[in-house]
Structures are given as C-alpha cells and as structure tokens.
file start_27.cif (mmCIF, N, CA and C atoms)
data_model
loop_
_atom_site.label_atom_id
_atom_site.label_comp_id
_atom_site.auth_asym_id
_atom_site.auth_seq_id
_atom_site.Cartn_x
_atom_site.Cartn_y
_atom_site.Cartn_z
N MET A 210 64.57 139.93 145.61
CA MET A 210 64.47 140.76 146.78
C MET A 210 65.83 141.45 146.99
N GLN A 211 65.80 142.72 147.35
CA GLN A 211 67.03 143.47 147.56
C GLN A 211 67.49 143.36 149.01
N ARG A 212 68.77 143.61 149.23
CA ARG A 212 69.34 143.56 150.57
C ARG A 212 69.65 144.97 151.06
N LEU A 213 69.66 145.13 152.37
CA LEU A 213 69.97 146.40 153.01
C LEU A 213 70.95 146.13 154.14
N CYS A 214 72.07 146.81 154.13
CA CYS A 214 73.08 146.62 155.19
C CYS A 214 73.26 147.92 155.96
N PHE A 215 73.36 147.82 157.28
CA PHE A 215 73.56 148.99 158.11
C PHE A 215 74.20 148.57 159.43
N PRO A 216 74.94 149.48 160.06
CA PRO A 216 75.59 149.15 161.34
C PRO A 216 74.58 149.07 162.48
N ILE A 217 74.84 148.16 163.42
CA ILE A 217 73.98 147.97 164.59
C ILE A 217 74.87 148.03 165.83
N PRO A 218 74.54 148.87 166.82
CA PRO A 218 75.32 148.90 168.06
C PRO A 218 75.34 147.51 168.72
N PRO A 219 76.45 147.14 169.33
CA PRO A 219 76.59 145.80 169.93
C PRO A 219 75.46 145.43 170.89
N ASP A 220 75.05 146.34 171.75
CA ASP A 220 73.99 146.04 172.72
C ASP A 220 72.68 145.73 172.01
N LEU A 221 72.35 146.51 171.00
CA LEU A 221 71.12 146.29 170.24
C LEU A 221 71.18 144.95 169.51
N LYS A 222 72.33 144.63 168.95
CA LYS A 222 72.50 143.35 168.25
C LYS A 222 72.31 142.18 169.20
N LYS A 223 72.87 142.27 170.39
CA LYS A 223 72.75 141.19 171.38
C LYS A 223 71.28 141.00 171.78
N ARG A 224 70.59 142.10 172.05
CA ARG A 224 69.18 142.02 172.43
C ARG A 224 68.34 141.43 171.29
N PHE A 225 68.69 141.78 170.06
CA PHE A 225 67.99 141.26 168.89
C PHE A 225 68.23 139.76 168.74
N GLU A 226 69.45 139.33 168.97
CA GLU A 226 69.78 137.90 168.90
C GLU A 226 68.98 137.11 169.94
N ILE A 227 68.86 137.67 171.14
CA ILE A 227 68.07 137.02 172.19
C ILE A 227 66.61 136.91 171.76
N MET A 228 66.09 137.98 171.18
CA MET A 228 64.70 137.96 170.71
C MET A 228 64.51 136.88 169.64
N CYS A 229 65.46 136.74 168.75
CA CYS A 229 65.37 135.72 167.70
C CYS A 229 65.36 134.32 168.31
N GLU A 230 66.20 134.11 169.29
CA GLU A 230 66.24 132.81 169.96
C GLU A 230 64.92 132.52 170.67
N GLU A 231 64.39 133.51 171.37
CA GLU A 231 63.16 133.33 172.13
C GLU A 231 61.96 133.10 171.22
N THR A 232 61.92 133.77 170.07
CA THR A 232 60.77 133.66 169.17
C THR A 232 60.93 132.55 168.14
N LYS A 233 62.14 132.00 168.06
CA LYS A 233 62.44 130.96 167.08
C LYS A 233 62.26 131.47 165.64
N LEU A 234 62.49 132.76 165.43
CA LEU A 234 62.40 133.36 164.10
C LEU A 234 63.79 133.80 163.66
N GLN A 235 64.01 133.78 162.36
CA GLN A 235 65.29 134.24 161.82
C GLN A 235 65.38 135.75 161.92
N GLN A 236 66.62 136.25 161.97
CA GLN A 236 66.83 137.69 162.04
C GLN A 236 66.18 138.40 160.87
N SER A 237 66.31 137.83 159.67
CA SER A 237 65.73 138.47 158.49
C SER A 237 64.20 138.53 158.59
N GLN A 238 63.58 137.49 159.16
CA GLN A 238 62.13 137.49 159.32
C GLN A 238 61.68 138.59 160.27
N LEU A 239 62.38 138.70 161.41
CA LEU A 239 62.01 139.73 162.39
C LEU A 239 62.25 141.13 161.85
N MET A 240 63.34 141.32 161.13
CA MET A 240 63.62 142.64 160.56
C MET A 240 62.56 143.03 159.54
N LEU A 241 62.14 142.09 158.72
CA LEU A 241 61.12 142.38 157.72
C LEU A 241 59.78 142.69 158.40
N MET A 242 59.45 141.94 159.45
CA MET A 242 58.22 142.20 160.20
C MET A 242 58.27 143.59 160.84
N ALA A 243 59.42 143.93 161.41
CA ALA A 243 59.58 145.23 162.06
C ALA A 243 59.46 146.37 161.05
N LEU A 244 60.04 146.19 159.88
CA LEU A 244 59.96 147.23 158.86
C LEU A 244 58.53 147.40 158.36
N HIS A 245 57.82 146.30 158.16
CA HIS A 245 56.41 146.39 157.76
C HIS A 245 55.61 147.14 158.83
N SER A 246 55.85 146.82 160.09
CA SER A 246 55.13 147.47 161.19
C SER A 246 55.45 148.96 161.26
N LEU A 247 56.74 149.29 161.13
CA LEU A 247 57.16 150.69 161.17
C LEU A 247 56.49 151.50 160.06
N LEU A 248 56.50 150.96 158.85
CA LEU A 248 55.89 151.67 157.73
C LEU A 248 54.38 151.79 157.88
N ALA A 249 53.73 150.75 158.36
CA ALA A 249 52.27 150.82 158.56
C ALA A 249 51.93 151.89 159.60
N ASN A 250 52.69 151.93 160.70
CA ASN A 250 52.46 152.96 161.71
C ASN A 250 52.73 154.35 161.16
N TYR A 251 53.80 154.50 160.42
CA TYR A 251 54.14 155.80 159.84
C TYR A 251 53.07 156.26 158.86
N GLU A 252 52.61 155.34 158.04
CA GLU A 252 51.59 155.70 157.05
C GLU A 252 50.26 156.07 157.70
N SER A 253 49.95 155.49 158.85
CA SER A 253 48.68 155.82 159.50
C SER A 253 48.79 156.98 160.49
N LYS A 254 49.95 157.16 161.12
CA LYS A 254 50.08 158.17 162.17
C LYS A 254 51.10 159.26 161.87
N GLY A 255 51.87 159.08 160.81
CA GLY A 255 52.87 160.10 160.45
C GLY A 255 54.08 160.06 161.39
N SER A 256 54.83 161.15 161.38
CA SER A 256 56.08 161.20 162.15
C SER A 256 55.86 161.22 163.66
N PHE A 257 54.61 161.32 164.09
CA PHE A 257 54.30 161.30 165.52
C PHE A 257 54.78 160.01 166.18
N ILE A 258 54.93 158.93 165.41
CA ILE A 258 55.35 157.65 165.97
C ILE A 258 56.76 157.71 166.57
N PHE A 259 57.55 158.71 166.17
CA PHE A 259 58.92 158.81 166.66
C PHE A 259 59.04 159.56 167.98
N VAL A 260 57.96 160.19 168.43
CA VAL A 260 58.00 160.99 169.64
C VAL A 260 58.47 160.18 170.84
N ASP A 261 57.95 158.97 171.02
CA ASP A 261 58.36 158.14 172.15
C ASP A 261 59.84 157.78 172.10
N LEU A 262 60.37 157.63 170.91
CA LEU A 262 61.76 157.24 170.78
C LEU A 262 62.73 158.37 171.10
N ILE A 263 62.32 159.62 170.86
CA ILE A 263 63.23 160.73 171.11
C ILE A 263 62.93 161.46 172.42
N ALA A 264 61.85 161.08 173.09
CA ALA A 264 61.49 161.72 174.35
C ALA A 264 62.52 161.37 175.43
N PRO A 265 62.94 162.34 176.23
CA PRO A 265 63.93 162.08 177.29
C PRO A 265 63.49 160.98 178.25
N GLU A 266 62.19 160.88 178.54
CA GLU A 266 61.71 159.86 179.47
C GLU A 266 62.00 158.46 178.93
N HIS A 267 61.88 158.29 177.63
CA HIS A 267 62.14 156.98 177.02
C HIS A 267 63.61 156.61 177.18
N ARG A 268 64.49 157.55 176.92
CA ARG A 268 65.93 157.27 177.04
C ARG A 268 66.29 156.95 178.48
N GLU A 269 65.71 157.66 179.42
CA GLU A 269 66.01 157.42 180.84
C GLU A 269 65.49 156.06 181.30
N SER A 270 64.28 155.67 180.86
CA SER A 270 63.74 154.38 181.29
C SER A 270 64.57 153.25 180.69
N ARG A 271 65.11 153.43 179.51
CA ARG A 271 65.95 152.41 178.88
C ARG A 271 67.25 152.25 179.66
N LYS A 272 67.82 153.36 180.11
CA LYS A 272 69.05 153.30 180.90
C LYS A 272 68.83 152.55 182.21
N LYS A 273 67.68 152.77 182.83
CA LYS A 273 67.38 152.11 184.11
C LYS A 273 67.22 150.61 183.95
N LYS A 274 66.75 150.14 182.79
CA LYS A 274 66.55 148.72 182.54
C LYS A 274 67.85 148.00 182.22
N SER A 275 68.87 148.74 181.78
CA SER A 275 70.14 148.11 181.41
C SER A 275 70.82 147.54 182.66
N PRO A 276 71.53 146.38 182.50
CA PRO A 276 72.17 145.76 183.66
C PRO A 276 73.32 146.58 184.19
#
call {"tool": "encode", "arguments": {"input": "start_27.cif", "output": "structure tokens"}}
result
Amino acid sequence: MQRLCFPIPPDLKKRFEIMCEETKLQQSQLMLMALHSLLANYESKGSFIFVDLIAPEHRESRKKKSP
C-alpha cells in the first residue's frame, strides 16, 4: 500500500483527532474511509459534490460554529 502525505491546518487536525478518539478508529482508517466515500460520491454525482464546500453559506456556518 502506498502512502500519501499532505499538510493539515491545526484546527482541522485537532477536530480530526477528536473524531478518532470518539469513534475509536485510527486516523489512517478514517482517512481511508473518507477517501473511499469522496471517490464514490464523485463517481456518482461528479464535481457537483464540491458545491456545498465552496458555497459562501457553508463557510459562514462553519465560522459561527467555531468557539
């Protein structure tokens, strides 16, 4: 199996670590699950899946949830 390395913003990393603790899953397991899910969604729906992520409403709601 090949490895993939990439930078992660500190806030995202912290939230991911909390998710790993809560789910009792390893980071590598969750990342692999997320990648499988992302690809399955992309293959069935195309680039439309990214609309929610780049929509201004999404960014604003995320800011409101931050402490």
call {"tool": "atom_distance", "arguments": {"input": "start_27.cif", "atom1": "atom CA of A:Gln238", "atom2": "atom CA of A:Met210"}}
result
13.2 Å
call {"tool": "atom_distance", "arguments": {"input": "start_27.cif", "atom1": "atom C of A:Ser246", "atom2": "atom C of A:Leu262"}}
result
15.4 Å
call {"tool": "select_by_dssp", "arguments": {"input": "start_27.cif", "residues": "chain A", "states": "helix (DSSP H, G or I)", "output": "number ranges by chain"}}
result
A: 219-232, 236-263, 265-274
call {"tool": "write_last_selection", "arguments": {"input": "start_27.cif", "atoms": "N, CA and C atoms", "output": "compact mmCIF listing (two decimals), keeping the file's coordinate frame"}}
result
# COMPACT_ATOMS: atom_id res chain seq x y z
N PRO A 219 76.45 147.14 169.33
CA PRO A 219 76.59 145.80 169.93
C PRO A 219 75.46 145.43 170.89
N ASP A 220 75.05 146.34 171.75
CA ASP A 220 73.99 146.04 172.72
C ASP A 220 72.68 145.73 172.01
N LEU A 221 72.35 146.51 171.00
CA LEU A 221 71.12 146.29 170.24
C LEU A 221 71.18 144.95 169.51
N LYS A 222 72.33 144.63 168.95
CA LYS A 222 72.50 143.35 168.25
C LYS A 222 72.31 142.18 169.20
N LYS A 223 72.87 142.27 170.39
CA LYS A 223 72.75 141.19 171.38
C LYS A 223 71.28 141.00 171.78
N ARG A 224 70.59 142.10 172.05
CA ARG A 224 69.18 142.02 172.43
C ARG A 224 68.34 141.43 171.29
N PHE A 225 68.69 141.78 170.06
CA PHE A 225 67.99 141.26 168.89
C PHE A 225 68.23 139.76 168.74
N GLU A 226 69.45 139.33 168.97
CA GLU A 226 69.78 137.90 168.90
C GLU A 226 68.98 137.11 169.94
N ILE A 227 68.86 137.67 171.14
CA ILE A 227 68.07 137.02 172.19
C ILE A 227 66.61 136.91 171.76
N MET A 228 66.09 137.98 171.18
CA MET A 228 64.70 137.96 170.71
C MET A 228 64.51 136.88 169.64
N CYS A 229 65.46 136.74 168.75
CA CYS A 229 65.37 135.72 167.70
C CYS A 229 65.36 134.32 168.31
N GLU A 230 66.20 134.11 169.29
CA GLU A 230 66.24 132.81 169.96
C GLU A 230 64.92 132.52 170.67
N GLU A 231 64.39 133.51 171.37
CA GLU A 231 63.16 133.33 172.13
C GLU A 231 61.96 133.10 171.22
N THR A 232 61.92 133.77 170.07
CA THR A 232 60.77 133.66 169.17
C THR A 232 60.93 132.55 168.14
N GLN A 236 66.62 136.25 161.97
CA GLN A 236 66.83 137.69 162.04
C GLN A 236 66.18 138.40 160.87
N SER A 237 66.31 137.83 159.67
CA SER A 237 65.73 138.47 158.49
C SER A 237 64.20 138.53 158.59
N GLN A 238 63.58 137.49 159.16
CA GLN A 238 62.13 137.49 159.32
C GLN A 238 61.68 138.59 160.27
N LEU A 239 62.38 138.70 161.41
CA LEU A 239 62.01 139.73 162.39
C LEU A 239 62.25 141.13 161.85
N MET A 240 63.34 141.32 161.13
CA MET A 240 63.62 142.64 160.56
C MET A 240 62.56 143.03 159.54
N LEU A 241 62.14 142.09 158.72
CA LEU A 241 61.12 142.38 157.72
C LEU A 241 59.78 142.69 158.40
N MET A 242 59.45 141.94 159.45
CA MET A 242 58.22 142.20 160.20
C MET A 242 58.27 143.59 160.84
N ALA A 243 59.42 143.93 161.41
CA ALA A 243 59.58 145.23 162.06
C ALA A 243 59.46 146.37 161.05
N LEU A 244 60.04 146.19 159.88
CA LEU A 244 59.96 147.23 158.86
C LEU A 244 58.53 147.40 158.36
N HIS A 245 57.82 146.30 158.16
CA HIS A 245 56.41 146.39 157.76
C HIS A 245 55.61 147.14 158.83
N SER A 246 55.85 146.82 160.09
CA SER A 246 55.13 147.47 161.19
C SER A 246 55.45 148.96 161.26
N LEU A 247 56.74 149.29 161.13
CA LEU A 247 57.16 150.69 161.17
C LEU A 247 56.49 151.50 160.06
N LEU A 248 56.50 150.96 158.85
CA LEU A 248 55.89 151.67 157.73
C LEU A 248 54.38 151.79 157.88
N ALA A 249 53.73 150.75 158.36
CA ALA A 249 52.27 150.82 158.56
C ALA A 249 51.93 151.89 159.60
N ASN A 250 52.69 151.93 160.70
CA ASN A 250 52.46 152.96 161.71
C ASN A 250 52.73 154.35 161.16
N TYR A 251 53.80 154.50 160.42
CA TYR A 251 54.14 155.80 159.84
C TYR A 251 53.07 156.26 158.86
N GLU A 252 52.61 155.34 158.04
CA GLU A 252 51.59 155.70 157.05
C GLU A 252 50.26 156.07 157.70
N SER A 253 49.95 155.49 158.85
CA SER A 253 48.68 155.82 159.50
C SER A 253 48.79 156.98 160.49
N LYS A 254 49.95 157.16 161.12
CA LYS A 254 50.08 158.17 162.17
C LYS A 254 51.10 159.26 161.87
N GLY A 255 51.87 159.08 160.81
CA GLY A 255 52.87 160.10 160.45
C GLY A 255 54.08 160.06 161.39
N SER A 256 54.83 161.15 161.38
CA SER A 256 56.08 161.20 162.15
C SER A 256 55.86 161.22 163.66
N PHE A 257 54.61 161.32 164.09
CA PHE A 257 54.30 161.30 165.52
C PHE A 257 54.78 160.01 166.18
N ILE A 258 54.93 158.93 165.41
CA ILE A 258 55.35 157.65 165.97
C ILE A 258 56.76 157.71 166.57
N PHE A 259 57.55 158.71 166.17
CA PHE A 259 58.92 158.81 166.66
C PHE A 259 59.04 159.56 167.98
N VAL A 260 57.96 160.19 168.43
CA VAL A 260 58.00 160.99 169.64
C VAL A 260 58.47 160.18 170.84
N ASP A 261 57.95 158.97 171.02
CA ASP A 261 58.36 158.14 172.15
C ASP A 261 59.84 157.78 172.10
N LEU A 262 60.37 157.63 170.91
CA LEU A 262 61.76 157.24 170.78
C LEU A 262 62.73 158.37 171.10
N ILE A 263 62.32 159.62 170.86
CA ILE A 263 63.23 160.73 171.11
C ILE A 263 62.93 161.46 172.42
N PRO A 265 62.94 162.34 176.23
CA PRO A 265 63.93 162.08 177.29
C PRO A 265 63.49 160.98 178.25
N GLU A 266 62.19 160.88 178.54
CA GLU A 266 61.71 159.86 179.47
C GLU A 266 62.00 158.46 178.93
N HIS A 267 61.88 158.29 177.63
CA HIS A 267 62.14 156.98 177.02
C HIS A 267 63.61 156.61 177.18
N ARG A 268 64.49 157.55 176.92
CA ARG A 268 65.93 157.27 177.04
C ARG A 268 66.29 156.95 178.48
N GLU A 269 65.71 157.66 179.42
CA GLU A 269 66.01 157.42 180.84
C GLU A 269 65.49 156.06 181.30
N SER A 270 64.28 155.67 180.86
CA SER A 270 63.74 154.38 181.29
C SER A 270 64.57 153.25 180.69
N ARG A 271 65.11 153.43 179.51
CA ARG A 271 65.95 152.41 178.88
C ARG A 271 67.25 152.25 179.66
N LYS A 272 67.82 153.36 180.11
CA LYS A 272 69.05 153.30 180.90
C LYS A 272 68.83 152.55 182.21
N LYS A 273 67.68 152.77 182.83
CA LYS A 273 67.38 152.11 184.11
C LYS A 273 67.22 150.61 183.95
N LYS A 274 66.75 150.14 182.79
CA LYS A 274 66.55 148.72 182.54
C LYS A 274 67.85 148.00 182.22
call {"tool": "closest_residue", "arguments": {"input": "start_27.cif", "among": "A:Phe257, A:Asp220, A:Phe225, A:Gln211", "to": "A:Ala243", "atoms": "only C-alpha atoms"}}
result
A:Phe225
call {"tool": "atom_distance", "arguments": {"input": "start_27.cif", "atom1": "atom N of A:Leu247", "atom2": "atom N of A:Phe259"}}
result
10.7 Å
call {"tool": "residues_near_point", "arguments": {"input": "start_27.cif", "point": "(67.1, 138.8, 164.9)", "cutoff": "7 Å", "atoms": "only C-alpha atoms", "output": "VMD selection string"}}
result
chain A and resid 225 to 226 228 to 229 235 to 237 239 to 240
call {"tool": "decode", "arguments": {"input": "start_27.cif", "residues": "chain A", "atoms": "C-alpha atoms", "output": "mmCIF file, in the first residue's frame"}}
result
data_model
loop_
_atom_site.group_PDB
_atom_site.id
_atom_site.type_symbol
_atom_site.label_atom_id
_atom_site.label_comp_id
_atom_site.auth_asym_id
_atom_site.auth_seq_id
_atom_site.Cartn_x
_atom_site.Cartn_y
_atom_site.Cartn_z
ATOM 1 C CA MET A 210 0.000 0.000 0.000
ATOM 2 C CA GLN A 211 1.313 3.467 -0.854
ATOM 3 C CA ARG A 212 1.442 6.452 1.479
ATOM 4 C CA LEU A 213 0.227 9.994 0.894
ATOM 5 C CA CYS A 214 1.469 12.981 2.903
ATOM 6 C CA PHE A 215 -0.104 16.436 2.904
ATOM 7 C CA PRO A 216 -0.326 19.452 5.233
ATOM 8 C CA ILE A 217 -3.364 19.795 7.510
ATOM 9 C CA PRO A 218 -4.381 23.085 9.189
ATOM 10 C CA PRO A 219 -4.074 22.849 13.005
ATOM 11 C CA ASP A 220 -7.813 23.327 13.643
ATOM 12 C CA LEU A 221 -8.740 20.587 11.179
ATOM 13 C CA LYS A 222 -6.139 18.255 12.693
ATOM 14 C CA LYS A 223 -7.493 18.839 16.211
ATOM 15 C CA ARG A 224 -11.081 18.174 15.112
ATOM 16 C CA PHE A 225 -9.923 15.023 13.315
ATOM 17 C CA GLU A 226 -8.098 13.797 16.422
ATOM 18 C CA ILE A 227 -11.270 14.304 18.474
ATOM 19 C CA MET A 228 -13.253 12.330 15.895
ATOM 20 C CA CYS A 229 -10.723 9.491 16.087
ATOM 21 C CA GLU A 230 -10.991 9.402 19.868
ATOM 22 C CA GLU A 231 -14.790 9.441 19.793
ATOM 23 C CA THR A 232 -15.067 6.715 17.135
ATOM 24 C CA LYS A 233 -12.191 4.624 18.497
ATOM 25 C CA LEU A 234 -10.790 4.386 14.952
ATOM 26 C CA GLN A 235 -7.242 5.063 13.834
ATOM 27 C CA GLN A 236 -6.515 8.164 11.783
ATOM 28 C CA SER A 237 -5.457 6.030 8.824
ATOM 29 C CA GLN A 238 -8.735 4.065 8.976
ATOM 30 C CA LEU A 239 -10.853 7.224 8.983
ATOM 31 C CA MET A 240 -8.827 8.818 6.192
ATOM 32 C CA LEU A 241 -9.195 5.729 4.024
ATOM 33 C CA MET A 242 -12.949 5.605 4.712
ATOM 34 C CA ALA A 243 -13.269 9.303 3.869
ATOM 35 C CA LEU A 244 -11.339 8.889 0.624
ATOM 36 C CA HIS A 245 -13.497 5.920 -0.420
ATOM 37 C CA SER A 246 -16.621 7.967 0.339
ATOM 38 C CA LEU A 247 -15.341 11.024 -1.538
ATOM 39 C CA LEU A 248 -14.496 8.989 -4.629
ATOM 40 C CA ALA A 249 -17.811 7.111 -4.576
ATOM 41 C CA ASN A 250 -19.714 10.409 -4.356
ATOM 42 C CA TYR A 251 -17.607 11.965 -7.099
ATOM 43 C CA GLU A 252 -18.057 8.977 -9.378
ATOM 44 C CA SER A 253 -21.837 9.022 -8.934
ATOM 45 C CA LYS A 254 -22.504 12.782 -8.789
ATOM 46 C CA GLY A 255 -19.475 14.409 -10.408
ATOM 47 C CA SER A 256 -17.981 17.714 -9.327
ATOM 48 C CA PHE A 257 -21.372 18.861 -8.004
ATOM 49 C CA ILE A 258 -20.360 17.337 -4.640
ATOM 50 C CA PHE A 259 -18.000 20.279 -4.077
ATOM 51 C CA VAL A 260 -20.714 22.942 -4.310
ATOM 52 C CA ASP A 261 -21.534 22.779 -0.589
ATOM 53 C CA LEU A 262 -17.883 23.119 0.331
ATOM 54 C CA ILE A 263 -17.289 26.274 -1.712
ATOM 55 C CA ALA A 264 -20.671 27.923 -1.133
ATOM 56 C CA PRO A 265 -20.429 31.098 0.999
ATOM 57 C CA GLU A 266 -23.225 29.841 3.286
ATOM 58 C CA HIS A 267 -21.137 26.799 4.205
ATOM 59 C CA ARG A 268 -18.113 28.907 5.125
ATOM 60 C CA GLU A 269 -20.248 31.270 7.217
ATOM 61 C CA SER A 270 -21.997 28.456 9.115
ATOM 62 C CA ARG A 271 -18.598 26.907 9.901
ATOM 63 C CA LYS A 272 -17.346 30.225 11.296
ATOM 64 C CA LYS A 273 -20.412 30.508 13.549
ATOM 65 C CA LYS A 274 -19.798 27.017 14.994
ATOM 66 C CA SER A 275 -16.166 27.780 15.890
ATOM 67 C CA PRO A 276 -15.542 28.629 19.578
#
